[in-house]
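Participant: I have a structure I would like to understand better, so I am pasting it below and will then ask my questions one at a time.
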Amino acid sequence: MTLPLFSPGEDPGPSFFGLLAHLGLESPGPQAPMGPPGVTHGTTVLAIRYVDGVVMAGDRRATTGNLISHRSMEKVFPADNTSGVAIAGAAGPAMEMVCLFQLQLEHYEKVEGNPLSLDGKANQLSQMLRSHLPAAMQGLAVLPIFAGYDERVQTGRLFQFDVTGGRYEERAHAAVGSGSLHATTVMKIRHHDDLDREGAVDIAVEALFQAADEDTATGGPDPIRGIYPVVAAITADGYERLPDDEVAARTDALLRRIGGGEAT
Amino acid sequence: MTVPMYVSPEQVMKDRADYARKGIARGRAAVASTFQDGVLFCAENPSNTLRKLSEIYDRIGFMGVGKYNEFDQLRIAGVRHADLKGYSYSRDDVDARWLANQYAQILGQYFTHEMKPLEIEILIAEMSLEPGDDRLFHLLYDGTVMDTTTHVVIGGEADVIRERLEASWSDGDDLDAAVAVAVQALAGPDRALVPDDLEVAVLARENGRRAFRRIEGEALASLLG
């Protein structure tokens, strides 16, 4: 490895992908068609907007076909200090995409001296998805949710994507993954504009619980092993992952509430 | 056909060194020093946008003086190299020594082979995880590398500032004391520097993974007291 110096005409600028392409280090992607079996997927991840920002949450289960391949997978990550990304889809490419996305945001910030705007970050993710489309067509689709605190308008914002790189800003909540239908129903019924952090976390935990209840590929809370959903709050103060104790306490409260009233 | 005039290699090198030194001496100085919680960078820089100090990687910082476009090009190459290496291997495999060696190669190459040497001096600092093991690499225009664990002054009037710094620097200062010492050394007895004249940043162990933080505005004003 030598120091990457470029002449002005060839300079890749603040883009890490440009740098990789310049040095011929881009991954080629799958060449032959692959079927869905054998590929890890199935998930519920979601984001909810509340008064101070956004709450993001994701279950912990990874599946391979009908088997559980991992019980404590993390699907919600900080993208940088003021934004987060949650992923659903094929685990390997999804992790790689998150890793590259985080790196690109940091790389841009260091080269340019200023971070990208929130729209700029969402757009970058959109472009990554677009270039991932061939792999998605072969069964290795990745679907992220991107959320963050936008300093310019002083509010939390969240974005949903499709495999072609389409970017859709949501006003209140978003969910992707095999359990997203059930999670969305809970969020849709319980979301309101004056939601505070506690309320948003409660909805997130309940939405994931209901998704896990109906969808085999979404993992529910696992008190025996002490595995609870990953929940993070993004506000003006930055990205903060909630401690497991707090999520456990919220889950216990939910279970008591459901156990006391509704039929399970 | 005219016979080219003979110039001895000693004379060529001396001329180039003088040229580079003159270019560097025109700019204002910058100081890096280790303190209790990490590494402090302090530069006299009236510009708020053209930076002399910046972040290279998690625990690696960069400081350059001299021609802005020349050291900025090396800074960006350093960021690219560090990010590539961290992506290919692991974040733990990125170190300042390797980067300093690469910079030295480039500076040496320019000094001996190009029309004009780079008129810059660079400092690369790596903060250690535990106190007492921070490293400062000081690179000269001709590719000379020096490493130290205490303090470095680069830029114009570096010798005078170094003397002042040596007189007041002490091992295990806290941030307030380290900033005061660095700013006093930069300013000298006859001047007072205000926050607008300064660019200050730290690599601090308390900052988590990305240890580099700028100290600006009110935070800097209150530090300077």
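By order in the structure tokens, chains are A, B, ...; within a chain, residues start at 1; ligands start at 1, following the order shown.
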For chain B against chain A, which residues fall within 10 Å using only C-alpha atoms, given as a VMD selection string?
Facilitator: chain B and resid 49 to 51 54 to 57 72 to 88 99 101 to 103 105 to 106 210
Participant: Next, the residues of the selection above should be written as a PDB file, in the first residue's frame with N, CA and C atoms.
Facilitator:
```pdb
ATOM      1  N   THR B  49     -11.449  28.917   8.052  1.00  0.00           N
ATOM      2  CA  THR B  49     -11.844  27.862   7.109  1.00  0.00           C
ATOM      3  C   THR B  49     -10.661  27.071   6.551  1.00  0.00           C
ATOM      4  N   LEU B  50      -9.521  27.739   6.357  1.00  0.00           N
ATOM      5  CA  LEU B  50      -8.347  27.017   5.856  1.00  0.00           C
ATOM      6  C   LEU B  50      -7.594  26.465   7.065  1.00  0.00           C
ATOM      7  N   ARG B  51      -7.785  25.183   7.281  1.00  0.00           N
ATOM      8  CA  ARG B  51      -7.314  24.592   8.537  1.00  0.00           C
ATOM      9  C   ARG B  51      -5.871  24.116   8.470  1.00  0.00           C
ATOM     10  N   SER B  54      -6.033  18.852  11.553  1.00  0.00           N
ATOM     11  CA  SER B  54      -7.205  18.045  11.211  1.00  0.00           C
ATOM     12  C   SER B  54      -7.061  16.599  11.640  1.00  0.00           C
ATOM     13  N   GLU B  55      -8.190  15.912  11.485  1.00  0.00           N
ATOM     14  CA  GLU B  55      -8.295  14.524  11.915  1.00  0.00           C
ATOM     15  C   GLU B  55      -7.872  13.627  10.761  1.00  0.00           C
ATOM     16  N   ILE B  56      -7.039  12.641  11.047  1.00  0.00           N
ATOM     17  CA  ILE B  56      -6.692  11.647  10.033  1.00  0.00           C
ATOM     18  C   ILE B  56      -7.461  10.354  10.288  1.00  0.00           C
ATOM     19  N   TYR B  57      -7.416   9.901  11.539  1.00  0.00           N
ATOM     20  CA  TYR B  57      -8.093   8.654  11.886  1.00  0.00           C
ATOM     21  C   TYR B  57      -8.480   8.699  13.351  1.00  0.00           C
ATOM     22  N   ASP B  72      -2.112  20.353   2.446  1.00  0.00           N
ATOM     23  CA  ASP B  72      -3.482  19.849   2.401  1.00  0.00           C
ATOM     24  C   ASP B  72      -3.588  18.629   1.487  1.00  0.00           C
ATOM     25  N   GLN B  73      -2.813  18.640   0.423  1.00  0.00           N
ATOM     26  CA  GLN B  73      -2.793  17.481  -0.479  1.00  0.00           C
ATOM     27  C   GLN B  73      -2.282  16.240   0.275  1.00  0.00           C
ATOM     28  N   LEU B  74      -1.250  16.437   1.078  1.00  0.00           N
ATOM     29  CA  LEU B  74      -0.722  15.312   1.858  1.00  0.00           C
ATOM     30  C   LEU B  74      -1.698  14.881   2.948  1.00  0.00           C
ATOM     31  N   ARG B  75      -2.388  15.856   3.526  1.00  0.00           N
ATOM     32  CA  ARG B  75      -3.380  15.518   4.554  1.00  0.00           C
ATOM     33  C   ARG B  75      -4.459  14.608   3.969  1.00  0.00           C
ATOM     34  N   ILE B  76      -4.987  14.987   2.798  1.00  0.00           N
ATOM     35  CA  ILE B  76      -6.061  14.195   2.188  1.00  0.00           C
ATOM     36  C   ILE B  76      -5.538  12.804   1.814  1.00  0.00           C
ATOM     37  N   ALA B  77      -4.307  12.749   1.299  1.00  0.00           N
ATOM     38  CA  ALA B  77      -3.732  11.440   0.979  1.00  0.00           C
ATOM     39  C   ALA B  77      -3.638  10.587   2.245  1.00  0.00           C
ATOM     40  N   GLY B  78      -3.325  11.229   3.361  1.00  0.00           N
ATOM     41  CA  GLY B  78      -3.230  10.511   4.633  1.00  0.00           C
ATOM     42  C   GLY B  78      -4.576   9.968   5.080  1.00  0.00           C
ATOM     43  N   VAL B  79      -5.627  10.793   4.938  1.00  0.00           N
ATOM     44  CA  VAL B  79      -6.979  10.345   5.303  1.00  0.00           C
ATOM     45  C   VAL B  79      -7.369   9.156   4.427  1.00  0.00           C
ATOM     46  N   ARG B  80      -7.078   9.266   3.137  1.00  0.00           N
ATOM     47  CA  ARG B  80      -7.426   8.186   2.204  1.00  0.00           C
ATOM     48  C   ARG B  80      -6.692   6.912   2.552  1.00  0.00           C
ATOM     49  N   HIS B  81      -5.406   7.061   2.817  1.00  0.00           N
ATOM     50  CA  HIS B  81      -4.618   5.881   3.145  1.00  0.00           C
ATOM     51  C   HIS B  81      -5.150   5.215   4.419  1.00  0.00           C
ATOM     52  N   ALA B  82      -5.406   6.036   5.444  1.00  0.00           N
ATOM     53  CA  ALA B  82      -5.839   5.491   6.734  1.00  0.00           C
ATOM     54  C   ALA B  82      -7.201   4.806   6.592  1.00  0.00           C
ATOM     55  N   ASP B  83      -8.139   5.445   5.888  1.00  0.00           N
ATOM     56  CA  ASP B  83      -9.469   4.850   5.726  1.00  0.00           C
ATOM     57  C   ASP B  83      -9.405   3.550   4.913  1.00  0.00           C
ATOM     58  N   LEU B  84      -8.553   3.547   3.889  1.00  0.00           N
ATOM     59  CA  LEU B  84      -8.394   2.324   3.083  1.00  0.00           C
ATOM     60  C   LEU B  84      -7.813   1.193   3.905  1.00  0.00           C
ATOM     61  N   LYS B  85      -6.797   1.524   4.694  1.00  0.00           N
ATOM     62  CA  LYS B  85      -6.130   0.492   5.486  1.00  0.00           C
ATOM     63  C   LYS B  85      -7.080  -0.061   6.547  1.00  0.00           C
ATOM     64  N   GLY B  86      -7.831   0.848   7.189  1.00  0.00           N
ATOM     65  CA  GLY B  86      -8.791   0.412   8.201  1.00  0.00           C
ATOM     66  C   GLY B  86      -9.904  -0.437   7.601  1.00  0.00           C
ATOM     67  N   TYR B  87     -10.282  -0.119   6.363  1.00  0.00           N
ATOM     68  CA  TYR B  87     -11.342  -0.872   5.673  1.00  0.00           C
ATOM     69  C   TYR B  87     -10.823  -2.246   5.241  1.00  0.00           C
ATOM     70  N   SER B  88      -9.595  -2.300   4.729  1.00  0.00           N
ATOM     71  CA  SER B  88      -9.040  -3.568   4.249  1.00  0.00           C
ATOM     72  C   SER B  88      -8.667  -4.504   5.394  1.00  0.00           C
ATOM     73  N   LEU B  99       2.306   5.986   8.483  1.00  0.00           N
ATOM     74  CA  LEU B  99       1.913   7.187   7.752  1.00  0.00           C
ATOM     75  C   LEU B  99       3.080   8.172   7.685  1.00  0.00           C
ATOM     76  N   ASN B 101       6.226   7.498   7.773  1.00  0.00           N
ATOM     77  CA  ASN B 101       7.209   6.977   6.813  1.00  0.00           C
ATOM     78  C   ASN B 101       6.793   7.285   5.384  1.00  0.00           C
ATOM     79  N   GLN B 102       5.505   7.127   5.092  1.00  0.00           N
ATOM     80  CA  GLN B 102       5.024   7.419   3.748  1.00  0.00           C
ATOM     81  C   GLN B 102       5.186   8.894   3.407  1.00  0.00           C
ATOM     82  N   TYR B 103       4.841   9.746   4.370  1.00  0.00           N
ATOM     83  CA  TYR B 103       5.015  11.186   4.156  1.00  0.00           C
ATOM     84  C   TYR B 103       6.484  11.502   3.913  1.00  0.00           C
ATOM     85  N   GLN B 105       8.741   9.630   2.624  1.00  0.00           N
ATOM     86  CA  GLN B 105       9.107   9.210   1.260  1.00  0.00           C
ATOM     87  C   GLN B 105       8.723  10.287   0.246  1.00  0.00           C
ATOM     88  N   ILE B 106       7.490  10.776   0.392  1.00  0.00           N
ATOM     89  CA  ILE B 106       7.000  11.774  -0.565  1.00  0.00           C
ATOM     90  C   ILE B 106       7.823  13.056  -0.464  1.00  0.00           C
ATOM     91  N   ARG B 210     -13.495   8.237  17.919  1.00  0.00           N
ATOM     92  CA  ARG B 210     -12.891   9.345  17.174  1.00  0.00           C
ATOM     93  C   ARG B 210     -12.456  10.414  18.165  1.00  0.00           C
TER      94      ARG B 210
END
```
Participant: Set the distance at 6 Å and use only C-alpha atoms: which residues neighbour segment 78-87 of chain A once local chain neighbours fewer than 4 positions away are removed? I'd like the list as a ChimeraX atom specification.
Facilitator: /A:102,143-149,238-239
Participant: Could you pull the residues within 9 Å of Arg130 of chain A, counting only C-alpha atoms, minus those fewer than 6 positions along the same chain, as a VMD selection string?
Facilitator: chain A and resid 163 to 166
Participant: Could you save those same residues with all heavy atoms as a CSV table (one decimal), in the first residue's frame?
Facilitator:
```
chain,number,residue,atom,x,y,z
A,163,VAL,N,-35.3,-1.4,-3.4
A,163,VAL,CA,-34.0,-2.0,-3.9
A,163,VAL,C,-33.4,-1.2,-5.1
A,163,VAL,O,-32.3,-1.4,-5.4
A,163,VAL,CB,-34.2,-3.5,-4.3
A,163,VAL,CG1,-34.4,-4.3,-3.1
A,163,VAL,CG2,-35.4,-3.6,-5.3
A,164,THR,N,-34.2,-0.4,-5.8
A,164,THR,CA,-33.7,0.3,-6.9
A,164,THR,C,-33.0,1.6,-6.5
A,164,THR,O,-32.5,2.4,-7.3
A,164,THR,CB,-34.8,0.7,-7.9
A,164,THR,OG1,-35.7,1.5,-7.2
A,164,THR,CG2,-35.5,-0.6,-8.4
A,165,GLY,N,-33.1,1.9,-5.2
A,165,GLY,CA,-32.4,3.2,-4.7
A,165,GLY,C,-33.4,4.3,-4.5
A,165,GLY,O,-33.1,5.4,-4.2
A,166,GLY,N,-34.7,4.0,-4.7
A,166,GLY,CA,-35.8,5.0,-4.5
A,166,GLY,C,-35.7,5.4,-3.0
A,166,GLY,O,-35.6,4.5,-2.1
```
Participant: Residues near segment 57-68 of chain A, anyone? I mean within 9 Å using only C-alpha atoms, not counting same-chain ones fewer than 2 positions away, as JSON, numbers by chain.
Facilitator: {"A": [36, 37, 38, 39, 40, 41, 42, 43, 44, 45, 46, 47, 48, 55, 70, 71, 72, 73, 74, 75, 76, 86, 87, 91, 201, 204, 205, 208, 209, 212, 216, 217, 218, 219, 220, 221, 227, 228, 229, 230, 231, 232, 233]}
Participant: With N, CA and C atoms retained, could you export that selection as a short mmCIF file (atom, residue, chain, number, x, y, z; two decimals), in the first residue's frame?
Facilitator:
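Generated file (result.cif):
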```cif
data_model
loop_
_atom_site.label_atom_id
_atom_site.label_comp_id
_atom_site.auth_asym_id
_atom_site.auth_seq_id
_atom_site.Cartn_x
_atom_site.Cartn_y
_atom_site.Cartn_z
N PRO A 36 -32.94 -17.84 -3.06
CA PRO A 36 -33.06 -17.36 -1.69
C PRO A 36 -32.58 -18.35 -0.61
N PRO A 37 -32.77 -19.69 -0.74
CA PRO A 37 -32.35 -20.55 0.35
C PRO A 37 -30.85 -20.44 0.58
N GLY A 38 -30.46 -20.53 1.83
CA GLY A 38 -29.04 -20.45 2.15
C GLY A 38 -28.58 -19.03 2.41
N VAL A 39 -29.46 -18.08 2.12
CA VAL A 39 -29.09 -16.68 2.36
C VAL A 39 -29.83 -16.19 3.59
N THR A 40 -29.11 -15.55 4.49
CA THR A 40 -29.74 -15.07 5.72
C THR A 40 -30.61 -13.85 5.46
N HIS A 41 -31.85 -13.87 5.89
CA HIS A 41 -32.72 -12.70 5.76
C HIS A 41 -33.85 -12.81 6.76
N GLY A 42 -34.79 -11.90 6.69
CA GLY A 42 -35.94 -11.94 7.60
C GLY A 42 -35.64 -11.15 8.84
N THR A 43 -36.48 -10.17 9.12
CA THR A 43 -36.14 -9.16 10.10
C THR A 43 -37.33 -8.27 10.32
N THR A 44 -37.35 -7.55 11.43
CA THR A 44 -38.17 -6.35 11.51
C THR A 44 -37.31 -5.23 12.09
N VAL A 45 -37.16 -4.16 11.35
CA VAL A 45 -36.54 -2.95 11.90
C VAL A 45 -37.48 -1.78 11.65
N LEU A 46 -37.43 -0.80 12.53
CA LEU A 46 -38.37 0.31 12.40
C LEU A 46 -37.77 1.61 12.93
N ALA A 47 -38.42 2.69 12.58
CA ALA A 47 -38.03 4.01 13.10
C ALA A 47 -39.29 4.80 13.37
N ILE A 48 -39.29 5.53 14.47
CA ILE A 48 -40.46 6.33 14.86
C ILE A 48 -39.99 7.74 15.18
N VAL A 55 -36.61 7.50 17.19
CA VAL A 55 -36.22 6.25 17.83
C VAL A 55 -36.11 5.18 16.75
N HIS A 70 -28.65 -16.96 14.01
CA HIS A 70 -28.00 -16.11 15.00
C HIS A 70 -29.07 -15.49 15.88
N ARG A 71 -28.82 -15.46 17.20
CA ARG A 71 -29.86 -14.95 18.10
C ARG A 71 -29.62 -13.52 18.56
N SER A 72 -28.40 -13.05 18.43
CA SER A 72 -28.12 -11.73 19.00
C SER A 72 -27.51 -10.80 17.97
N MET A 73 -28.04 -10.91 16.75
CA MET A 73 -27.58 -10.06 15.66
C MET A 73 -27.99 -8.61 15.90
N GLU A 74 -27.14 -7.68 15.49
CA GLU A 74 -27.51 -6.27 15.61
C GLU A 74 -27.84 -5.73 14.23
N LYS A 75 -28.97 -5.04 14.14
CA LYS A 75 -29.42 -4.55 12.84
C LYS A 75 -29.61 -3.03 12.83
N VAL A 76 -29.35 -2.41 13.96
CA VAL A 76 -29.45 -0.96 14.05
C VAL A 76 -28.07 -0.42 14.40
N ALA A 86 -30.74 1.26 9.91
CA ALA A 86 -31.20 -0.06 10.31
C ALA A 86 -31.39 -0.87 9.03
N ILE A 87 -31.08 -2.18 9.09
CA ILE A 87 -31.08 -2.95 7.86
C ILE A 87 -31.94 -4.19 7.93
N ALA A 91 -27.94 -10.75 5.09
CA ALA A 91 -27.10 -10.23 6.18
C ALA A 91 -25.71 -9.79 5.72
N VAL A 201 -40.34 4.82 22.57
CA VAL A 201 -39.66 3.56 22.89
C VAL A 201 -40.69 2.46 23.16
N ALA A 204 -42.08 1.27 19.95
CA ALA A 204 -41.09 0.48 19.22
C ALA A 204 -41.02 -0.94 19.78
N VAL A 205 -40.99 -1.03 21.11
CA VAL A 205 -40.89 -2.35 21.75
C VAL A 205 -42.15 -3.18 21.46
N LEU A 208 -42.26 -4.32 17.74
CA LEU A 208 -41.37 -5.46 17.50
C LEU A 208 -41.93 -6.73 18.12
N PHE A 209 -42.55 -6.58 19.30
CA PHE A 209 -43.13 -7.75 19.96
C PHE A 209 -44.25 -8.35 19.11
N ALA A 212 -42.86 -10.06 16.06
CA ALA A 212 -42.26 -11.36 16.39
C ALA A 212 -43.34 -12.39 16.67
N THR A 216 -42.30 -15.61 11.82
CA THR A 216 -41.29 -16.55 12.35
C THR A 216 -39.87 -16.02 12.20
N ALA A 217 -39.63 -15.15 11.25
CA ALA A 217 -38.27 -14.68 11.00
C ALA A 217 -37.89 -13.47 11.84
N THR A 218 -38.81 -13.03 12.72
CA THR A 218 -38.51 -11.92 13.62
C THR A 218 -38.41 -12.46 15.04
N GLY A 219 -37.36 -12.11 15.72
CA GLY A 219 -37.14 -12.63 17.07
C GLY A 219 -37.81 -11.76 18.11
N GLY A 220 -38.47 -12.39 19.09
CA GLY A 220 -39.08 -11.64 20.19
C GLY A 220 -38.07 -11.46 21.31
N PRO A 221 -38.47 -10.76 22.39
CA PRO A 221 -37.56 -10.62 23.53
C PRO A 221 -37.26 -12.00 24.13
N ILE A 227 -31.59 -11.43 25.87
CA ILE A 227 -31.47 -10.75 24.58
C ILE A 227 -32.73 -9.93 24.31
N TYR A 228 -32.55 -8.64 24.15
CA TYR A 228 -33.67 -7.73 23.90
C TYR A 228 -33.41 -6.97 22.61
N PRO A 229 -34.46 -6.37 22.02
CA PRO A 229 -34.24 -5.61 20.79
C PRO A 229 -33.20 -4.51 20.98
N VAL A 230 -32.55 -4.13 19.89
CA VAL A 230 -31.66 -2.96 19.94
C VAL A 230 -32.54 -1.73 19.72
N VAL A 231 -32.49 -0.80 20.66
CA VAL A 231 -33.26 0.44 20.52
C VAL A 231 -32.29 1.61 20.66
N ALA A 232 -32.40 2.57 19.75
CA ALA A 232 -31.52 3.74 19.81
C ALA A 232 -32.35 4.99 19.62
N ALA A 233 -31.95 6.06 20.30
CA ALA A 233 -32.62 7.35 20.14
C ALA A 233 -31.63 8.34 19.52
#
```
Participant: Determine, counting only C-alpha atoms, which protein, DNA and RNA residues have an atom within 9 Å of an atom of Arg21 of chain B; residues of the same chain fewer than 3 positions away are not included. Present the result as a PyMOL selection string.
Facilitator: chain B and resi 16-18+24-26+119-120+141+156
Participant: For the selection you just gave me, I'd like the residues written to a file as a compact mmCIF listing (two decimals), in the first residue's frame, keeping N, CA, C and O atoms.
Facilitator:
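Resulting contents of again_38.txt:
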```txt
# COMPACT_ATOMS: atom_id res chain seq x y z
N ARG B 16 18.10 24.39 -2.35
CA ARG B 16 16.73 23.86 -2.17
C ARG B 16 16.30 23.97 -0.73
O ARG B 16 15.17 24.35 -0.43
N ALA B 17 17.20 23.60 0.18
CA ALA B 17 16.86 23.66 1.60
C ALA B 17 16.57 25.10 2.00
O ALA B 17 15.58 25.37 2.71
N ASP B 18 17.38 26.04 1.52
CA ASP B 18 17.15 27.45 1.85
C ASP B 18 15.81 27.91 1.33
O ASP B 18 15.06 28.60 2.01
N ILE B 24 8.76 28.19 4.56
CA ILE B 24 8.14 27.78 5.83
C ILE B 24 8.21 28.91 6.85
O ILE B 24 7.25 29.15 7.58
N ALA B 25 9.34 29.63 6.86
CA ALA B 25 9.53 30.68 7.86
C ALA B 25 8.55 31.84 7.68
O ALA B 25 8.26 32.55 8.63
N ARG B 26 8.03 31.99 6.45
CA ARG B 26 7.06 33.08 6.22
C ARG B 26 5.75 32.84 6.97
O ARG B 26 5.07 33.78 7.33
N GLU B 119 7.29 23.22 0.38
CA GLU B 119 7.61 24.22 1.43
C GLU B 119 6.71 23.99 2.64
O GLU B 119 5.90 24.84 2.99
N ILE B 120 6.85 22.82 3.23
CA ILE B 120 5.96 22.50 4.35
C ILE B 120 6.69 21.74 5.45
O ILE B 120 7.73 21.13 5.22
N TYR B 141 10.83 19.39 5.48
CA TYR B 141 10.65 19.53 4.03
C TYR B 141 11.48 18.54 3.21
O TYR B 141 11.14 18.22 2.08
N GLY B 156 7.23 29.20 11.26
CA GLY B 156 8.11 30.35 11.42
C GLY B 156 8.51 30.58 12.86
O GLY B 156 7.71 30.36 13.76
```
Participant: Where does DSSP see helix (DSSP H, G or I) in segment 43-147 of chain A, if you list the residues as a ChimeraX atom specification?
Facilitator: /A:91-112,118-131,133-137
Participant: Taking the DSSP secondary structure from the backbone, can you list the residues of segment 133-197 of chain B that are strand (DSSP E), as a VMD selection string?
Facilitator: chain B and resid 135 to 139 145 to 148 151 to 154
